[in-house]
Each structure stands twice: as C-alpha cells, then as structure tokens.
>>> print(open('upload-v6.cif').read())   # mmCIF, C-alpha atoms and all ligand atoms
data_protein
#
loop_
_atom_site.group_PDB
_atom_site.id
_atom_site.type_symbol
_atom_site.label_atom_id
_atom_site.label_comp_id
_atom_site.auth_asym_id
_atom_site.auth_seq_id
_atom_site.Cartn_x
_atom_site.Cartn_y
_atom_site.Cartn_z
ATOM 1 C CA MET A 1 112.364 19.343 66.408
ATOM 2 C CA LEU A 2 115.365 21.544 65.647
ATOM 3 C CA PRO A 3 114.959 25.224 66.598
ATOM 4 C CA ILE A 4 115.062 26.198 62.926
ATOM 5 C CA GLY A 5 111.931 24.038 62.371
ATOM 6 C CA PRO A 6 109.438 26.664 63.637
ATOM 7 C CA LEU A 7 111.309 29.419 61.769
ATOM 8 C CA MET A 8 111.077 27.505 58.480
ATOM 9 C CA ILE A 9 107.379 26.746 59.044
ATOM 10 C CA GLU A 10 106.841 30.486 59.611
ATOM 11 C CA HIS A 11 108.705 31.188 56.364
ATOM 12 C CA ARG A 12 106.157 29.119 54.446
ATOM 13 C CA LEU A 13 103.264 31.185 55.842
ATOM 14 C CA ILE A 14 105.054 34.478 55.121
ATOM 15 C CA GLU A 15 105.688 33.275 51.542
ATOM 16 C CA ARG A 16 101.960 32.566 51.077
ATOM 17 C CA VAL A 17 101.037 36.092 52.118
ATOM 18 C CA ILE A 18 103.841 37.663 50.079
ATOM 19 C CA GLN A 19 102.591 35.734 47.052
ATOM 20 C CA ASP A 20 99.107 37.105 47.672
ATOM 21 C CA MET A 21 100.565 40.617 47.927
ATOM 22 C CA GLY A 22 102.163 40.049 44.526
ATOM 23 C CA ALA A 23 98.773 39.118 43.091
ATOM 24 C CA GLU A 24 97.227 42.236 44.663
ATOM 25 C CA LEU A 25 100.031 44.351 43.197
ATOM 26 C CA SER A 26 99.293 42.974 39.705
ATOM 27 C CA ARG A 27 95.608 43.797 40.225
ATOM 28 C CA LEU A 28 96.467 47.375 41.223
ATOM 29 C CA ARG A 29 98.857 47.782 38.284
ATOM 30 C CA ALA A 30 96.034 46.691 35.990
ATOM 31 C CA GLY A 31 94.123 49.740 37.218
ATOM 32 C CA SER A 32 91.937 48.308 40.006
ATOM 33 C CA ALA A 33 91.006 50.419 43.029
ATOM 34 C CA LEU A 34 92.970 50.340 46.280
ATOM 35 C CA ASP A 35 91.383 48.125 48.945
ATOM 36 C CA PRO A 36 91.964 49.619 52.440
ATOM 37 C CA PRO A 37 90.664 46.601 54.469
ATOM 38 C CA TYR A 38 92.980 44.279 52.494
ATOM 39 C CA LEU A 39 95.913 46.617 53.080
ATOM 40 C CA ALA A 40 95.100 46.882 56.821
ATOM 41 C CA THR A 41 95.173 43.055 57.036
ATOM 42 C CA ILE A 42 98.529 42.958 55.250
ATOM 43 C CA ILE A 43 100.020 45.615 57.525
ATOM 44 C CA ASP A 44 98.868 43.701 60.617
ATOM 45 C CA PHE A 45 100.329 40.451 59.236
ATOM 46 C CA LEU A 46 103.658 42.088 58.411
ATOM 47 C CA ARG A 47 103.925 43.813 61.773
ATOM 48 C CA THR A 48 102.523 41.211 64.152
ATOM 49 C CA TYR A 49 103.559 37.982 62.464
ATOM 50 C CA ALA A 50 106.442 38.581 60.036
ATOM 51 C CA ASP A 51 108.212 41.187 62.155
ATOM 52 C CA ARG A 52 107.303 40.814 65.835
ATOM 53 C CA THR A 53 106.753 37.038 65.945
ATOM 54 C CA HIS A 54 109.203 35.826 63.314
ATOM 55 C CA HIS A 55 111.989 38.414 63.116
ATOM 56 C CA GLY A 56 111.581 38.769 66.890
ATOM 57 C CA LYS A 57 112.660 35.175 67.510
ATOM 58 C CA GLU A 58 115.464 35.447 64.952
ATOM 59 C CA GLU A 59 116.890 38.681 66.346
ATOM 60 C CA ASP A 60 116.262 38.280 70.079
ATOM 61 C CA ILE A 61 117.220 34.617 70.351
ATOM 62 C CA LEU A 62 119.035 33.006 67.367
ATOM 63 C CA PHE A 63 121.047 36.023 66.164
ATOM 64 C CA ALA A 64 121.687 37.229 69.739
ATOM 65 C CA ASP A 65 123.035 33.817 70.774
ATOM 66 C CA LEU A 66 125.166 33.602 67.614
ATOM 67 C CA ALA A 67 126.610 37.058 68.243
ATOM 68 C CA GLU A 68 128.099 35.699 71.477
ATOM 69 C CA ARG A 69 130.026 32.991 69.592
ATOM 70 C CA GLN A 70 133.148 33.250 67.506
ATOM 71 C CA ILE A 71 131.392 32.668 64.195
ATOM 72 C CA GLU A 72 133.255 32.598 60.914
ATOM 73 C CA PRO A 73 133.336 35.952 59.057
ATOM 74 C CA GLY A 74 131.270 34.704 56.107
ATOM 75 C CA LEU A 75 128.375 33.736 58.371
ATOM 76 C CA ALA A 76 128.715 36.960 60.397
ATOM 77 C CA GLY A 77 128.453 38.923 57.128
ATOM 78 C CA ILE A 78 125.285 37.065 56.168
ATOM 79 C CA MET A 79 123.791 37.751 59.621
ATOM 80 C CA GLN A 80 124.534 41.469 59.232
ATOM 81 C CA THR A 81 122.803 41.511 55.826
ATOM 82 C CA LEU A 82 119.806 39.675 57.309
ATOM 83 C CA LEU A 83 119.531 42.259 60.104
ATOM 84 C CA GLU A 84 119.623 45.050 57.519
ATOM 85 C CA ASP A 85 116.876 43.275 55.561
ATOM 86 C CA HIS A 86 114.723 43.203 58.713
ATOM 87 C CA GLN A 87 115.234 46.958 59.130
ATOM 88 C CA ARG A 88 114.372 47.580 55.466
ATOM 89 C CA ALA A 89 111.212 45.443 55.785
ATOM 90 C CA ARG A 90 110.202 47.359 58.958
ATOM 91 C CA ALA A 91 110.792 50.708 57.239
ATOM 92 C CA ALA A 92 108.873 49.680 54.091
ATOM 93 C CA THR A 93 105.957 48.408 56.211
ATOM 94 C CA GLY A 94 105.929 51.734 58.059
ATOM 95 C CA ARG A 95 105.828 53.608 54.737
ATOM 96 C CA LEU A 96 103.017 51.336 53.517
ATOM 97 C CA ALA A 97 101.038 52.088 56.711
ATOM 98 C CA GLU A 98 101.557 55.847 56.224
ATOM 99 C CA ALA A 99 100.425 55.633 52.592
ATOM 100 C CA VAL A 100 97.320 53.654 53.606
ATOM 101 C CA ALA A 101 96.508 56.070 56.457
ATOM 102 C CA ALA A 102 96.480 58.898 53.919
ATOM 103 C CA LEU A 103 93.763 57.169 51.827
ATOM 104 C CA GLY A 104 90.042 57.781 52.134
ATOM 105 C CA ALA A 105 87.865 54.986 53.582
ATOM 106 C CA ASP A 106 86.838 54.072 50.020
ATOM 107 C CA GLY A 107 90.497 53.773 48.938
ATOM 108 C CA GLU A 108 90.609 57.072 47.111
ATOM 109 C CA GLY A 109 94.012 58.734 47.152
ATOM 110 C CA VAL A 110 97.518 58.383 45.823
ATOM 111 C CA ALA A 111 98.216 54.803 44.713
ATOM 112 C CA ALA A 112 101.913 55.168 43.830
ATOM 113 C CA PRO A 113 103.380 54.929 47.377
ATOM 114 C CA VAL A 114 101.168 51.916 48.164
ATOM 115 C CA GLU A 115 102.232 50.133 44.959
ATOM 116 C CA GLY A 116 105.869 51.132 45.481
ATOM 117 C CA THR A 117 106.090 49.762 49.023
ATOM 118 C CA LEU A 118 104.170 46.595 48.118
ATOM 119 C CA ALA A 119 106.625 46.008 45.266
ATOM 120 C CA GLU A 120 109.566 46.573 47.630
ATOM 121 C CA LEU A 121 108.229 44.048 50.160
ATOM 122 C CA VAL A 122 107.312 41.477 47.485
ATOM 123 C CA ALA A 123 110.916 41.644 46.215
ATOM 124 C CA LEU A 124 112.597 41.713 49.627
ATOM 125 C CA TYR A 125 111.022 38.849 51.573
ATOM 126 C CA PRO A 126 111.520 35.878 49.175
ATOM 127 C CA ALA A 127 115.228 36.636 48.699
ATOM 128 C CA HIS A 128 115.678 37.110 52.454
ATOM 129 C CA ILE A 129 113.898 33.847 53.274
ATOM 130 C CA ALA A 130 115.901 31.941 50.630
ATOM 131 C CA THR A 131 119.176 33.180 52.172
ATOM 132 C CA GLU A 132 118.117 32.065 55.656
ATOM 133 C CA ASP A 133 116.812 28.678 54.515
ATOM 134 C CA ARG A 134 119.688 27.817 52.179
ATOM 135 C CA ARG A 135 122.762 29.596 53.502
ATOM 136 C CA PHE A 136 122.263 30.600 57.122
ATOM 137 C CA PHE A 137 120.147 28.425 59.409
ATOM 138 C CA LYS A 138 122.029 25.150 59.073
ATOM 139 C CA PRO A 139 125.557 26.555 59.498
ATOM 140 C CA ALA A 140 124.226 28.702 62.371
ATOM 141 C CA LEU A 141 122.953 25.649 64.232
ATOM 142 C CA GLY A 142 126.425 24.099 63.950
ATOM 143 C CA TYR A 143 127.590 26.523 66.653
ATOM 144 C CA PHE A 144 125.211 25.054 69.262
ATOM 145 C CA THR A 145 125.229 21.730 71.070
ATOM 146 C CA ARG A 146 122.153 19.539 70.995
ATOM 147 C CA HIS A 147 121.281 20.668 74.529
ATOM 148 C CA GLU A 148 121.666 24.342 73.556
ATOM 149 C CA GLN A 149 119.416 23.767 70.534
ATOM 150 C CA GLU A 150 116.735 22.209 72.751
ATOM 151 C CA ASP A 151 116.990 25.178 75.102
ATOM 152 C CA MET A 152 116.649 27.568 72.131
ATOM 153 C CA LEU A 153 113.496 25.774 70.976
ATOM 154 C CA GLN A 154 112.023 26.195 74.475
ATOM 155 C CA ARG A 155 112.845 29.907 74.444
ATOM 156 C CA PHE A 156 111.181 30.237 71.014
ATOM 157 C CA ARG A 157 108.026 28.670 72.477
ATOM 158 C CA LYS A 158 108.123 30.963 75.510
ATOM 159 C CA PHE A 159 108.610 33.978 73.230
ATOM 160 C CA ASP A 160 105.596 32.971 71.089
ATOM 161 C CA SER A 161 103.370 32.391 74.113
ATOM 162 C CA SER A 162 103.651 36.022 75.227
ATOM 163 C CA LEU A 163 102.767 37.552 71.858
ATOM 164 C CA ILE A 164 99.011 37.047 71.682
ATOM 165 C CA HIS A 165 98.751 38.783 75.078
ATOM 166 C CA GLU A 166 101.015 41.602 73.931
ATOM 167 C CA ARG A 167 98.951 42.026 70.746
ATOM 168 C CA TYR A 168 95.602 42.323 72.489
ATOM 169 C CA ARG A 169 96.936 44.414 75.376
ATOM 170 C CA ARG A 170 97.854 46.924 72.654
ATOM 171 C CA VAL A 171 94.339 46.651 71.187
ATOM 172 C CA ALA A 172 92.858 47.369 74.649
ATOM 173 C CA GLU A 173 95.159 50.367 75.085
ATOM 174 C CA THR A 174 94.195 51.716 71.644
ATOM 175 C CA LEU A 175 90.485 51.355 72.474
ATOM 176 C CA ALA A 176 90.950 53.124 75.827
ATOM 177 C CA GLN A 177 92.803 55.935 74.091
ATOM 178 C CA ARG A 178 89.953 56.342 71.571
ATOM 179 C CA ARG A 179 87.478 56.531 74.479
ATOM 180 C CA LEU A 180 89.544 59.326 76.056
ATOM 181 C CA ASP A 181 90.001 61.099 72.760
ATOM 182 C CA PRO A 182 86.872 60.310 70.689
ATOM 183 C CA ILE A 183 86.703 60.846 66.967
ATOM 184 C CA PRO A 184 84.705 64.065 66.423
HETATM 185 FE FE FE A 201 114.936 37.023 58.888
HETATM 186 FE FE FE A 202 113.220 34.377 58.698
#
>>> encode(input="upload-v6.cif", output="structure tokens")
Amino acid sequence: MLPIGPLMIEHRLIERVIQDMGAELSRLRAGSALDPPYLATIIDFLRTYADRTHHGKEEDILFADLAERQIEPGLAGIMQTLLEDHQRARAATGRLAEAVAALGADGEGVAAPVEGTLAELVALYPAHIATEDRRFFKPALGYFTRHEQEDMLQRFRKFDSSLIHERYRRVAETLAQRRLDPIP
C-alpha cells in the first residue's frame, strides 16, 4: 500500500461524520433542541481522530518530510494552505467545545455559537479533503523513492499504534484529577 492509502481511507471516515454533522445542523436550524451527548461525541471524533490521528500523521510525517525537500513552489503553497486549514479546524473545534461546555446538561443555552462552529467545520473539511486527494497527495509522493514511501507507511503505523494508549492515559489522568478535586 502507498502511504497515502491510510490517509485517504481516513478521509472517507471523516467525510461520513462531517456529513452527519451537516444533517444535525439542518435539524438544529429547523428548531430542534441541542443534543449535548451528540456534540460531545463529535468533539471527541474531531479531536482524537480527525486532528490527532489524521492531521497528526500528515503534519508530523508527510508534511515534515516534504518540508525537507526542494518542492516546487505551487505544491509548497498548497501545503501551507493545508496547514492553515488544520489550524482553523482546531480553533473551530475548540470554539465548539467551549460553546457546548456552556450549555446545561439538557442542552439549554445559546445555540448560535454551536450552529456557527458546526457550519464552519462542515464547510471546511470537505474542501480541505478534496484538495489533498486531488491536488496534493499524488504530487507529494513523487518526491519520495519507493523505499522512502515504504518507510513512511511504517512510521504511520507506528504513530497510530501509540494513540489509543495516549487517549486512555489522558482519560485516566482526567479521572484522577476529578478524584482529587471532586464535583461539589
Ligand atoms: Fe489535512
Ligand atoms: Fe487529510
């Protein structure tokens, strides 16, 4: 498998969730109540999967390796835009999490910032993914030999293998912190 294989498979899963977020946004715009457990699931997906797992491999491995090559200015410009998209997605997810944290457990509260950030993310991800799939990944791979591509695929796998441990170490730390500082 080429190293862009896992990244493109991850794109398909991100697209499925983004599509679902679009459906949820339509539901909210039709006047339905906010759904905090749904939003918590979305925030976890965006942070753990879309950002840490997927953008993590792109930024820490593929983009980092490319940055060490003399790549043509057009491709370098696309990579810069992609990095900015990742930052915008991270910032929007952070704003979504803040808006959700401000809601009551039953979802009562201000809907506008939740709808606004959902709309931003639903617009951002598909365009970003289309640029990577159609205009970036293939020319990017052209800068690496077959052996280098195989090595990159191995590093992607190693990167992925650490993440489930990282995720649940953080859960354990959060639980320990709650025990030290219980909710009144
Ligand atoms: Fe990306
Ligand atoms: Fe991507």
>>> residues_near_ligand(input="upload-v6.cif", ligand="ligand FE 202 (chain A)", cutoff="9 Å", atoms="all atoms listed in the file", output="JSON, numbers by chain")
{"A": [7, 8, 10, 11, 14, 50, 54, 55, 57, 58, 82, 86, 125, 128, 129, 130, 131, 132, 133]}
>>> closest_atom_pairs(input="upload-v6.cif", of="region 3-23 of chain A", to="region 135-156 of chain A", cutoff="9 Å", atoms="only C-alpha atoms", output="JSON lines")
{"residue": "A:Pro3", "atom": "CA", "partner": "A:Leu153", "partner_atom": "CA", "distance": 4.6}
{"residue": "A:Ile4", "atom": "CA", "partner": "A:Phe137", "partner_atom": "CA", "distance": 6.6}
{"residue": "A:Gly5", "atom": "CA", "partner": "A:Leu153", "partner_atom": "CA", "distance": 8.9}
{"residue": "A:Pro6", "atom": "CA", "partner": "A:Phe156", "partner_atom": "CA", "distance": 8.4}
>>> closest_residue(input="upload-v6.cif", among="A:Arg178, A:Glu120, A:Gly22, A:Arg134", to="Ile78 (chain A)", atoms="all atoms listed in the file")
A:Arg134
>>> atom_distance(input="upload-v6.cif", atom1="CA of Ala92 (chain A)", atom2="CA of Leu118 (chain A)")
8.2 Å
>>> closest_atom_pairs(input="upload-v6.cif", of="region 16-62 of chain A", to="region 96-109 of chain A", cutoff="10 Å", atoms="only C-alpha atoms", output="Markdown table")
| residue | atom | partner | partner_atom | distance |
| --- | --- | --- | --- | --- |
| A:Ala33 | CA | A:Gly107 | CA | 6.8 |
| A:Leu34 | CA | A:Gly107 | CA | 5.0 |
| A:Asp35 | CA | A:Gly107 | CA | 5.7 |
| A:Pro36 | CA | A:Gly107 | CA | 5.6 |
| A:Pro37 | CA | A:Ala105 | CA | 8.9 |
| A:Leu39 | CA | A:Val100 | CA | 7.2 |
| A:Ala40 | CA | A:Val100 | CA | 7.8 |
| A:Ile42 | CA | A:Ala97 | CA | 9.6 |
| A:Ile43 | CA | A:Ala97 | CA | 6.6 |
| A:Asp44 | CA | A:Ala97 | CA | 9.5 |
